[in-house]
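Below is upload.cif, holding mmCIF, C-alpha atoms.
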data_start
loop_
_atom_site.label_atom_id
_atom_site.label_comp_id
_atom_site.auth_asym_id
_atom_site.auth_seq_id
_atom_site.Cartn_x
_atom_site.Cartn_y
_atom_site.Cartn_z
CA MET A 1 22.51 66.71 137.17
CA ILE A 2 22.33 63.58 135.03
CA SER A 3 26.10 63.20 134.84
CA SER A 4 26.13 62.88 138.64
CA LEU A 5 24.69 59.40 138.21
CA LEU A 6 28.04 58.37 136.72
CA VAL A 7 30.26 60.13 139.27
CA PRO A 8 29.76 57.62 142.12
CA LEU A 9 31.25 54.97 139.84
CA LEU A 10 34.42 57.02 139.37
CA GLY A 11 34.75 59.10 142.50
CA SER A 12 35.31 62.85 142.48
CA ALA A 13 38.14 65.29 141.95
CA PRO A 14 38.59 69.05 141.92
CA THR A 15 37.21 70.75 138.87
CA THR A 16 38.94 73.52 136.96
CA GLU A 17 35.68 75.48 136.69
CA PRO A 18 35.23 77.85 139.64
CA ALA A 19 31.52 78.43 139.10
CA SER A 20 28.95 75.69 139.67
CA MET A 21 25.72 75.21 137.77
CA HIS A 22 22.88 73.33 139.40
CA VAL A 23 20.64 71.86 136.73
CA TYR A 24 17.36 70.32 137.85
CA SER A 25 16.15 67.05 136.37
CA TRP A 26 13.17 68.84 134.85
CA GLU A 27 15.53 71.09 132.88
CA TRP A 28 17.22 68.03 131.36
CA ALA A 29 13.79 66.57 130.67
CA VAL A 30 12.58 69.75 128.93
CA LEU A 31 15.75 69.91 126.81
CA ILE A 32 15.47 66.27 125.72
CA VAL A 33 11.73 66.56 125.04
CA ALA A 34 12.38 69.71 122.98
CA VAL A 35 15.04 67.95 120.91
CA VAL A 36 12.81 64.90 120.35
CA GLY A 37 9.91 67.20 119.46
CA LEU A 38 12.02 69.08 116.90
CA ILE A 39 13.16 65.79 115.35
CA THR A 40 9.53 64.64 115.16
CA LEU A 41 8.57 67.95 113.55
CA ASP A 42 11.24 67.42 110.92
CA LEU A 43 10.18 63.84 110.28
CA VAL A 44 6.49 64.69 109.93
CA GLY A 45 6.74 68.11 108.36
CA HIS A 46 9.70 67.84 106.00
CA VAL A 47 11.23 64.43 105.53
CA ARG A 48 7.95 62.53 105.23
CA LYS A 49 7.45 63.95 101.74
CA PRO A 50 10.80 63.66 99.92
CA HIS A 51 11.81 66.91 98.24
CA GLU A 52 14.82 69.10 97.68
CA PRO A 53 14.45 72.19 99.89
CA THR A 54 14.73 75.56 98.23
CA MET A 55 17.29 78.07 99.42
CA GLY A 56 14.49 80.11 100.98
CA GLU A 57 13.08 77.13 102.87
CA ALA A 58 16.51 76.13 104.16
CA ALA A 59 17.28 79.72 105.21
CA ARG A 60 13.97 80.06 107.09
CA TRP A 61 14.43 76.84 109.03
CA LEU A 62 18.05 77.64 109.74
CA GLY A 63 16.90 80.97 111.15
CA PHE A 64 14.33 79.10 113.25
CA TYR A 65 16.96 76.85 114.83
CA VAL A 66 19.38 79.72 115.39
CA GLY A 67 16.53 81.63 117.04
CA LEU A 68 15.90 78.70 119.38
CA ALA A 69 19.58 78.68 120.33
CA VAL A 70 19.37 82.41 121.09
CA LEU A 71 16.39 81.73 123.36
CA VAL A 72 18.32 79.03 125.21
CA GLY A 73 21.09 81.54 125.89
CA ILE A 74 18.56 84.09 127.16
CA TYR A 75 16.99 81.45 129.40
CA LEU A 76 20.38 80.67 130.90
CA ILE A 77 20.88 84.35 131.74
CA PHE A 78 17.75 84.54 133.90
CA ARG A 79 17.67 80.97 135.22
CA HIS A 80 21.39 80.56 135.95
CA SER A 81 23.80 83.41 135.13
CA PRO A 82 25.12 85.54 132.25
CA GLU A 83 28.42 83.65 132.53
CA PHE A 84 26.77 80.34 131.64
CA SER A 85 24.88 82.02 128.81
CA LEU A 86 28.16 83.25 127.33
CA GLU A 87 29.65 79.76 127.71
CA PHE A 88 26.68 78.33 125.80
CA TYR A 89 27.02 80.81 122.93
CA ALA A 90 30.78 80.22 122.72
CA ALA A 91 30.26 76.43 122.58
CA TYR A 92 27.40 76.83 120.09
CA PHE A 93 29.40 78.98 117.67
CA THR A 94 32.36 76.62 117.97
CA GLU A 95 30.18 73.58 117.22
CA TYR A 96 28.64 75.33 114.22
CA SER A 97 32.08 76.26 112.89
CA LEU A 98 33.29 72.68 113.18
CA SER A 99 30.05 71.46 111.58
CA ILE A 100 30.80 73.42 108.43
CA ASP A 101 33.99 71.41 108.03
CA ASN A 102 32.00 68.21 108.64
CA ILE A 103 29.71 69.06 105.73
CA PHE A 104 32.62 68.40 103.37
CA ILE A 105 32.62 64.77 104.53
CA PHE A 106 28.82 64.52 104.33
CA ILE A 107 28.91 65.69 100.72
CA ILE A 108 31.49 63.02 99.86
CA ILE A 109 29.55 60.25 101.65
CA ILE A 110 26.19 61.18 100.11
CA GLY A 111 27.82 61.52 96.69
CA SER A 112 29.52 58.15 96.97
CA PHE A 113 26.19 56.42 97.70
CA ARG A 114 24.54 58.36 94.85
CA VAL A 115 21.66 59.44 97.09
CA PRO A 116 19.00 61.24 95.00
CA ARG A 117 18.67 64.89 95.96
CA PRO A 118 15.06 64.60 97.29
CA TYR A 119 16.12 61.86 99.73
CA GLN A 120 19.17 63.63 101.14
CA GLN A 121 17.17 65.39 103.86
CA LYS A 122 16.12 62.04 105.31
CA VAL A 123 19.68 60.70 105.25
CA LEU A 124 20.99 63.78 107.04
CA LEU A 125 18.22 63.83 109.64
CA TYR A 126 18.64 60.18 110.63
CA GLY A 127 22.41 60.62 110.68
CA ILE A 128 21.98 63.61 113.00
CA VAL A 129 19.71 61.57 115.31
CA ILE A 130 22.43 58.91 115.61
CA ALA A 131 24.99 61.64 116.26
CA LEU A 132 22.86 63.21 119.02
CA VAL A 133 22.42 59.91 120.85
CA LEU A 134 26.14 59.11 120.66
CA ARG A 135 27.19 62.60 121.71
CA PHE A 136 24.79 62.55 124.66
CA ILE A 137 26.50 59.38 125.92
CA PHE A 138 29.98 60.78 125.28
CA ILE A 139 29.19 64.05 127.04
CA LEU A 140 27.96 62.30 130.19
CA LEU A 141 30.96 59.98 130.24
CA GLY A 142 33.33 62.87 129.52
CA ALA A 143 31.87 65.00 132.32
CA ALA A 144 32.16 62.13 134.83
CA LEU A 145 35.72 61.32 133.79
CA LEU A 146 36.82 64.95 133.96
CA GLN A 147 35.43 65.24 137.49
CA ARG A 148 37.42 62.17 138.51
CA PHE A 149 40.61 62.70 136.50
CA SER A 150 41.38 66.41 136.17
CA TRP A 151 44.61 65.63 134.26
CA LEU A 152 42.40 64.67 131.29
CA PHE A 153 42.12 68.41 130.59
CA PHE A 154 45.77 68.30 129.52
CA LEU A 155 44.99 65.37 127.22
CA PHE A 156 42.03 67.23 125.70
CA ALA A 157 44.20 70.31 125.22
CA ALA A 158 46.95 68.31 123.52
CA PHE A 159 44.42 66.69 121.19
CA LEU A 160 42.89 70.05 120.26
CA LEU A 161 46.33 71.51 119.52
CA TRP A 162 47.19 68.49 117.37
CA THR A 163 43.87 68.85 115.53
CA ALA A 164 44.62 72.54 114.98
CA TYR A 165 47.99 71.57 113.49
CA SER A 166 46.23 69.02 111.24
CA GLN A 167 43.80 71.71 110.06
CA ILE A 168 46.73 73.96 109.13
CA LYS A 169 48.33 71.12 107.15
CA GLU A 170 45.06 70.56 105.28
CA GLY A 171 44.80 74.28 104.57
CA LEU A 172 48.33 74.37 103.18
CA ASN A 173 47.75 71.27 101.06
CA PRO A 174 44.13 71.51 99.89
CA GLU A 175 42.69 68.79 97.71
CA VAL A 176 41.75 69.91 94.23
CA GLU A 177 38.21 68.54 94.46
CA PRO A 178 36.61 66.13 96.93
CA ASN A 179 35.96 62.98 94.91
CA PRO A 180 33.06 60.76 96.07
CA ASP A 181 34.45 57.92 93.95
CA GLU A 182 37.52 57.82 96.21
CA TYR A 183 35.46 57.48 99.40
CA GLU A 184 36.38 54.42 101.47
CA PRO A 185 33.56 53.20 103.78
CA ASN A 186 34.52 53.07 107.45
CA ALA A 187 34.70 49.83 109.45
CA LEU A 188 31.13 50.02 110.78
CA THR A 189 29.70 50.57 107.30
CA LYS A 190 31.71 47.64 105.94
CA VAL A 191 30.39 45.41 108.74
CA ALA A 192 26.81 46.47 107.92
CA GLN A 193 27.40 45.62 104.25
CA LYS A 194 28.54 42.13 105.22
CA VAL A 195 25.90 41.44 107.87
CA PHE A 196 22.81 42.62 105.99
CA ARG A 197 21.46 41.81 102.56
CA VAL A 198 21.65 45.02 100.52
CA THR A 199 19.45 45.87 97.53
CA GLU A 200 21.15 46.79 94.27
CA GLY A 201 19.53 50.22 94.14
CA PHE A 202 17.29 52.59 96.10
CA VAL A 203 13.73 51.57 96.92
CA GLY A 204 12.21 55.03 97.11
CA ASP A 205 13.28 56.49 100.45
CA ARG A 206 12.93 53.20 102.31
CA LEU A 207 15.61 51.95 104.67
CA LEU A 208 14.29 48.37 104.78
CA THR A 209 12.35 46.27 102.30
CA ARG A 210 11.20 42.69 101.85
CA ARG A 211 11.60 40.63 98.73
CA GLY A 212 9.89 37.30 98.91
CA SER A 213 10.52 35.93 102.39
CA LYS A 214 13.80 37.82 102.90
CA SER A 215 14.51 41.23 104.40
CA TYR A 216 16.95 43.67 102.82
CA VAL A 217 18.46 47.00 103.71
CA THR A 218 18.82 49.66 101.05
CA PRO A 219 21.79 51.93 100.20
CA MET A 220 19.88 54.64 102.13
CA PHE A 221 20.36 52.61 105.31
CA LEU A 222 24.08 52.17 104.66
CA CYS A 223 24.52 55.88 103.94
CA ILE A 224 22.85 56.75 107.26
CA VAL A 225 25.16 54.32 109.06
CA ALA A 226 28.15 55.93 107.31
CA ILE A 227 27.13 59.48 108.28
CA GLY A 228 26.19 58.56 111.85
CA SER A 229 29.44 56.66 112.45
CA ALA A 230 31.51 59.37 110.76
CA ASP A 231 30.22 61.76 113.43
CA LEU A 232 32.05 59.63 115.99
CA MET A 233 35.29 61.02 114.58
CA PHE A 234 33.89 64.54 114.48
CA ALA A 235 32.91 64.28 118.16
CA LEU A 236 36.54 63.62 119.08
CA ASP A 237 37.40 67.27 118.49
CA SER A 238 34.05 69.02 118.99
CA ILE A 239 33.24 67.65 122.45
CA PRO A 240 36.71 68.38 123.93
CA ALA A 241 36.42 71.84 122.36
CA SER A 242 33.09 72.39 124.14
CA PHE A 243 34.51 71.18 127.46
CA GLY A 244 37.34 73.64 126.89
CA LEU A 245 34.75 76.42 127.03
CA THR A 246 32.52 75.09 129.81
CA SER A 247 32.59 72.21 132.28
CA GLN A 248 28.78 72.01 132.38
CA PRO A 249 27.42 68.91 130.52
CA PHE A 250 23.99 70.55 130.18
CA ILE A 251 25.53 73.44 128.23
CA VAL A 252 27.72 71.12 126.14
CA PHE A 253 24.77 68.95 125.11
CA ALA A 254 22.49 71.94 124.43
CA ALA A 255 25.16 73.53 122.22
CA ASN A 256 25.74 70.25 120.35
CA ALA A 257 22.02 69.58 119.96
CA PHE A 258 21.06 72.95 118.50
CA ALA A 259 24.14 73.11 116.28
CA LEU A 260 23.42 69.62 114.87
CA MET A 261 19.68 70.30 114.47
CA GLY A 262 20.47 73.21 112.17
CA LEU A 263 23.14 71.27 110.29
CA ARG A 264 20.72 69.79 107.73
CA GLN A 265 19.53 73.22 106.59
CA LEU A 266 23.12 74.48 106.59
CA PHE A 267 24.07 71.58 104.30
CA PHE A 268 21.69 72.76 101.58
CA LEU A 269 22.62 76.42 102.02
CA VAL A 270 26.38 76.07 101.81
CA ASP A 271 26.60 73.00 99.57
CA GLY A 272 27.52 75.21 96.63
CA LEU A 273 29.48 77.74 98.66
CA LEU A 274 31.97 75.54 100.50
CA ASP A 275 34.56 75.92 97.76
CA ARG A 276 34.58 79.67 98.49
CA LEU A 277 35.57 79.19 102.15
CA ILE A 278 39.19 78.73 101.12
CA TYR A 279 40.62 79.68 104.52
CA LEU A 280 38.19 77.59 106.59
CA HIS A 281 40.90 75.21 107.80
CA PHE A 282 42.99 78.11 109.12
CA GLY A 283 39.98 79.58 110.93
CA LEU A 284 39.16 76.24 112.56
CA ALA A 285 42.82 75.82 113.50
CA ALA A 286 42.76 79.21 115.23
CA ILE A 287 39.59 78.34 117.17
CA LEU A 288 40.83 74.90 118.24
CA GLY A 289 44.28 76.26 119.09
CA PHE A 290 42.78 79.03 121.22
CA ILE A 291 40.54 76.58 123.11
CA GLY A 292 43.47 74.19 123.58
CA LEU A 293 45.58 76.93 125.15
CA LYS A 294 42.63 78.02 127.29
CA LEU A 295 42.27 74.45 128.53
CA ILE A 296 45.96 74.30 129.46
CA VAL A 297 45.70 77.51 131.50
CA GLU A 298 42.56 76.33 133.32
CA ALA A 299 44.03 72.87 133.95
CA CYS A 300 47.18 74.44 135.38
CA HIS A 301 45.08 76.65 137.65
CA GLY A 302 43.25 73.54 138.83
CA MET A 303 46.63 72.01 139.73
CA GLY A 304 47.73 75.18 141.52
CA TRP A 305 50.13 76.26 138.75
CA LEU A 306 50.53 79.39 136.59
CA HIS A 307 48.38 81.66 138.72
CA ALA A 308 50.28 84.59 137.21
CA VAL A 309 48.53 83.81 133.90
CA PRO A 310 44.92 85.06 134.14
CA ALA A 311 42.02 82.80 133.22
CA ILE A 312 40.15 83.73 130.06
CA PRO A 313 36.58 84.80 130.93
CA PRO A 314 33.59 83.55 128.88
CA LEU A 315 32.92 86.96 127.30
CA VAL A 316 36.48 87.14 125.96
CA SER A 317 36.25 83.55 124.68
CA LEU A 318 33.00 84.29 122.85
CA GLY A 319 34.41 87.49 121.36
CA ILE A 320 37.59 85.79 120.12
CA ILE A 321 35.62 82.94 118.50
CA ILE A 322 33.21 85.32 116.74
CA VAL A 323 36.08 87.50 115.49
CA ILE A 324 37.91 84.44 114.14
CA ILE A 325 34.76 83.27 112.33
CA LEU A 326 34.14 86.70 110.79
CA ILE A 327 37.76 87.10 109.67
CA THR A 328 37.72 83.59 108.18
CA VAL A 329 34.53 84.18 106.19
CA VAL A 330 35.44 87.66 104.95
CA THR A 331 39.01 86.81 103.95
CA SER A 332 37.84 83.55 102.32
CA LEU A 333 35.23 85.30 100.18
CA ILE A 334 37.70 88.02 99.16
CA GLY A 335 40.41 85.48 98.43
CA ALA A 336 38.05 83.25 96.44
CA GLN A 337 36.92 86.23 94.35
CA LYS A 338 40.53 87.24 93.62
CA ARG A 339 41.38 83.66 92.68
CA LYS A 340 38.40 83.52 90.33
CA VAL A 341 39.46 86.78 88.64
CA LYS A 342 43.00 85.43 88.11
CA GLU A 343 41.68 82.19 86.61
CA ASN A 344 39.51 84.14 84.18
#

Would you mind giving the structure from this file in structure tokens?
Amino acid sequence: MISSLLVPLLGSAPTTEPASMHVYSWEWAVLIVAVVGLITLDLVGHVRKPHEPTMGEAARWLGFYVGLAVLVGIYLIFRHSPEFSLEFYAAYFTEYSLSIDNIFIFIIIIGSFRVPRPYQQKVLLYGIVIALVLRFIFILLGAALLQRFSWLFFLFAAFLLWTAYSQIKEGLNPEVEPNPDEYEPNALTKVAQKVFRVTEGFVGDRLLTRRGSKSYVTPMFLCIVAIGSADLMFALDSIPASFGLTSQPFIVFAANAFALMGLRQLFFLVDGLLDRLIYLHFGLAAILGFIGLKLIVEACHGMGWLHAVPAIPPLVSLGIIIVIILITVVTSLIGAQKRKVKEN
């Protein structure tokens, strides 16, 4: 297991996960090669020629990536165990649910930089590549730290419960409309603006350009930096949520990778539908709250406490997450329709 390379630096400690998953190096290699291959396919097949994808194109490619995730789960059944397959699906659905909320921020960032619609695919893809690299590092570090310091599970649980509370607050006090003009670039984006020379406008879909003897970056480059660095904040809740469902870094990275790879297509599909998911914050709060409580129970079991409280098996976790997602979507669509009728 790749994360084992980090464990000698930190020592070892009891884990809260009773089952163990032995992942060979070749499995990590195949997963990484598959992700790189899919990114290359996107770069060559879609992003190379700037265009705005149609709803049909986005739906087909989204189905393709979801299908790949299904195959990963099937592989885990036969290569490892049904339990790990269920953990993968639970983490995958959770990551996808959280990604929908992240799309709100992407829309604001892309709108603030005034990225032309045909170039938005490229911005999203490069931002996703940055996110994958950063999350891979965070997942390995997180796995090593959790093996050494089991009390971190309590910290993860507390953070997830706080995030759930924050989601409820946002749901109770929704903004009228996300306004790209009110977007404030984060610290990394501001540093990039100061360090590099930036062109006044877009230069096609280029990230870099030369004018005379000087090199410049374009607003496309800055927008990619903004999206990639914004994912750092998103990872603070999504990765602990994944570790709340499985302690296996291979599963956590696979779930993150396939959820993020389908995020670009999801962006174009739900861009005009996000305003109808009026109860999304409450659904995410329920998912994060459930995982936070699950983490507390498992952490207590690892400490030898609360054995009277049964652990939540992967099948139950997956079922609860799917039910929460379905209830959120159905009630949101019904509520949005009723609200529209009242306004008319």

Test item: residues at most 12 Å from Met21 in chain A, all atoms listed in the file, excluding those fewer than 3 positions along its chain, as a PDB file with C-alpha atoms, in the frame of the given file:
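Output contents, as saved in around_22.pdb:
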ATOM      1  CA  MET A   1      22.510  66.710 137.170  1.00  0.00           C
ATOM      2  CA  GLU A  17      35.680  75.480 136.690  1.00  0.00           C
ATOM      3  CA  PRO A  18      35.230  77.850 139.640  1.00  0.00           C
ATOM      4  CA  TYR A  24      17.360  70.320 137.850  1.00  0.00           C
ATOM      5  CA  LEU A  76      20.380  80.670 130.900  1.00  0.00           C
ATOM      6  CA  ILE A  77      20.880  84.350 131.740  1.00  0.00           C
ATOM      7  CA  ARG A  79      17.670  80.970 135.220  1.00  0.00           C
ATOM      8  CA  HIS A  80      21.390  80.560 135.950  1.00  0.00           C
ATOM      9  CA  SER A  81      23.800  83.410 135.130  1.00  0.00           C
ATOM     10  CA  PRO A  82      25.120  85.540 132.250  1.00  0.00           C
ATOM     11  CA  GLU A  83      28.420  83.650 132.530  1.00  0.00           C
ATOM     12  CA  PHE A  84      26.770  80.340 131.640  1.00  0.00           C
ATOM     13  CA  SER A  85      24.880  82.020 128.810  1.00  0.00           C
ATOM     14  CA  GLU A  87      29.650  79.760 127.710  1.00  0.00           C
ATOM     15  CA  THR A 246      32.520  75.090 129.810  1.00  0.00           C
ATOM     16  CA  SER A 247      32.590  72.210 132.280  1.00  0.00           C
ATOM     17  CA  GLN A 248      28.780  72.010 132.380  1.00  0.00           C
ATOM     18  CA  PRO A 249      27.420  68.910 130.520  1.00  0.00           C
ATOM     19  CA  PHE A 250      23.990  70.550 130.180  1.00  0.00           C
ATOM     20  CA  ILE A 251      25.530  73.440 128.230  1.00  0.00           C
TER      21      ILE A 251
END

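The two atoms in question, CA of Trp305 in chain A and CA of Leu155 in chain A, are spaced 16.7 Å apart.
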
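Excluding range 319-323 of chain A and any residue on its chain fewer than 6 positions from it, the residues at most 12 Å away by all atoms listed in the file are Leu86, Glu87, Tyr89, Ala90, Ala91, Tyr92, Phe93, Thr94, Glu95, Tyr96, Ser97, Leu98, Ala241, Leu245, Gly283, Leu284, Ala285, Ala286, Ile287, Leu288, Gly289, Phe290, Ile291, Lys294, Ile312, Pro313, Val329, Val330 and Thr331 of chain A.
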
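Relative to CA of Phe253 in chain A, CA of Met55 in chain A is found at 28.3 Å.
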
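Put simply, the PyMOL selection byres ((chain A and resi 114) around 12) on this file hits A:Ile107, A:Ile108, A:Ile109, A:Ile110, A:Gly111, A:Ser112, A:Phe113, A:Val115, A:Pro116, A:Arg117, A:Pro118, A:Tyr119, A:Gln120, A:Val123, A:Pro180, A:Asp181, A:Tyr183, A:Gly201, A:Phe202, A:Pro219, A:Met220, A:Leu222, A:Cys223.
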
(request) Enter the distance from CA of His301 in chain A to CA of Leu236 in chain A, in Å, rounded to one decimal. (result) 24.2 Å

If you apply the PyMOL selection byres ((chain A and resi 130) around 10) to this file, what residues do you get, as an mmCIF file with C-alpha atoms, in the coordinates of the input?
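The file below, part_7.cif, is the result:
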data_model
loop_
_atom_site.group_PDB
_atom_site.id
_atom_site.type_symbol
_atom_site.label_atom_id
_atom_site.label_comp_id
_atom_site.auth_asym_id
_atom_site.auth_seq_id
_atom_site.Cartn_x
_atom_site.Cartn_y
_atom_site.Cartn_z
ATOM 1 C CA LEU A 124 20.990 63.780 107.040
ATOM 2 C CA LEU A 125 18.220 63.830 109.640
ATOM 3 C CA TYR A 126 18.640 60.180 110.630
ATOM 4 C CA GLY A 127 22.410 60.620 110.680
ATOM 5 C CA ILE A 128 21.980 63.610 113.000
ATOM 6 C CA VAL A 129 19.710 61.570 115.310
ATOM 7 C CA ALA A 131 24.990 61.640 116.260
ATOM 8 C CA LEU A 132 22.860 63.210 119.020
ATOM 9 C CA VAL A 133 22.420 59.910 120.850
ATOM 10 C CA LEU A 134 26.140 59.110 120.660
ATOM 11 C CA ARG A 135 27.190 62.600 121.710
ATOM 12 C CA ILE A 224 22.850 56.750 107.260
ATOM 13 C CA VAL A 225 25.160 54.320 109.060
ATOM 14 C CA ILE A 227 27.130 59.480 108.280
ATOM 15 C CA GLY A 228 26.190 58.560 111.850
ATOM 16 C CA SER A 229 29.440 56.660 112.450
ATOM 17 C CA ASP A 231 30.220 61.760 113.430
ATOM 18 C CA LEU A 232 32.050 59.630 115.990
#

(message) I need the output of the PyMOL selection byres ((chain A and resi 28-33) around 10) for this file as a list in words; which residues are they?
(response) Met1, Ile2, Val23, Tyr24, Ser25, Trp26, Glu27, Ala34, Val35, Val36, Gly37, Leu38, Ile39, Val72, Phe250, Phe253, Ala254 and Ala257 of chain A

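Restricting the calculation to only C-alpha atoms, the smallest distance between Ala158 in chain A and any of A:Gly171, A:Gly292, A:Pro310, A:Gly204 is found for A:Gly292.
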
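Residue nearest Gln167 in chain A within the list A:Arg264, A:Gly73, A:Asp101, A:Val297: A:Asp101 [criterion: smallest interatomic distance, only C-alpha atoms].
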
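Minimum atom-to-atom distances from A:Val252, A:Ala157, A:Leu140, A:Leu71 to Glu298 in chain A were compared using only C-alpha atoms, and the lowest value belongs to A:Ala157.
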
Just the residues within 9 Å of Asn186 in chain A, please, counting all atoms listed in the file, with nothing from its chain fewer than 4 positions along; format it as a short mmCIF file (atom, residue, chain, number, x, y, z; two decimals) with C-alpha atoms, keeping the file's coordinate frame.
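Now in part_27.cif:
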data_model
loop_
_atom_site.label_atom_id
_atom_site.label_comp_id
_atom_site.auth_asym_id
_atom_site.auth_seq_id
_atom_site.Cartn_x
_atom_site.Cartn_y
_atom_site.Cartn_z
CA LYS A 190 31.71 47.64 105.94
CA VAL A 191 30.39 45.41 108.74
CA ALA A 226 28.15 55.93 107.31
CA SER A 229 29.44 56.66 112.45
CA ALA A 230 31.51 59.37 110.76
#

Kindly provide, as JSON, the centre and edge lengths (Å, one decimal) of an axis-aligned box around all atoms of range 222-231 of chain A given in the file, with 8 Å on each side.
{"center_x": 27.2, "center_y": 57.0, "center_z": 108.7, "size_x": 24.7, "size_y": 25.6, "size_z": 25.5}

(message) Nearest residue to Ser242 in chain A out of A:Ile334, A:Ala255, A:Ile74, A:Val341, using only C-alpha atoms?
(response) A:Ala255

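Using only C-alpha atoms for every distance, the candidate list A:Thr189, A:Phe196, A:Phe88, A:Pro240 yields A:Phe88 as the residue closest to Pro314 in chain A.
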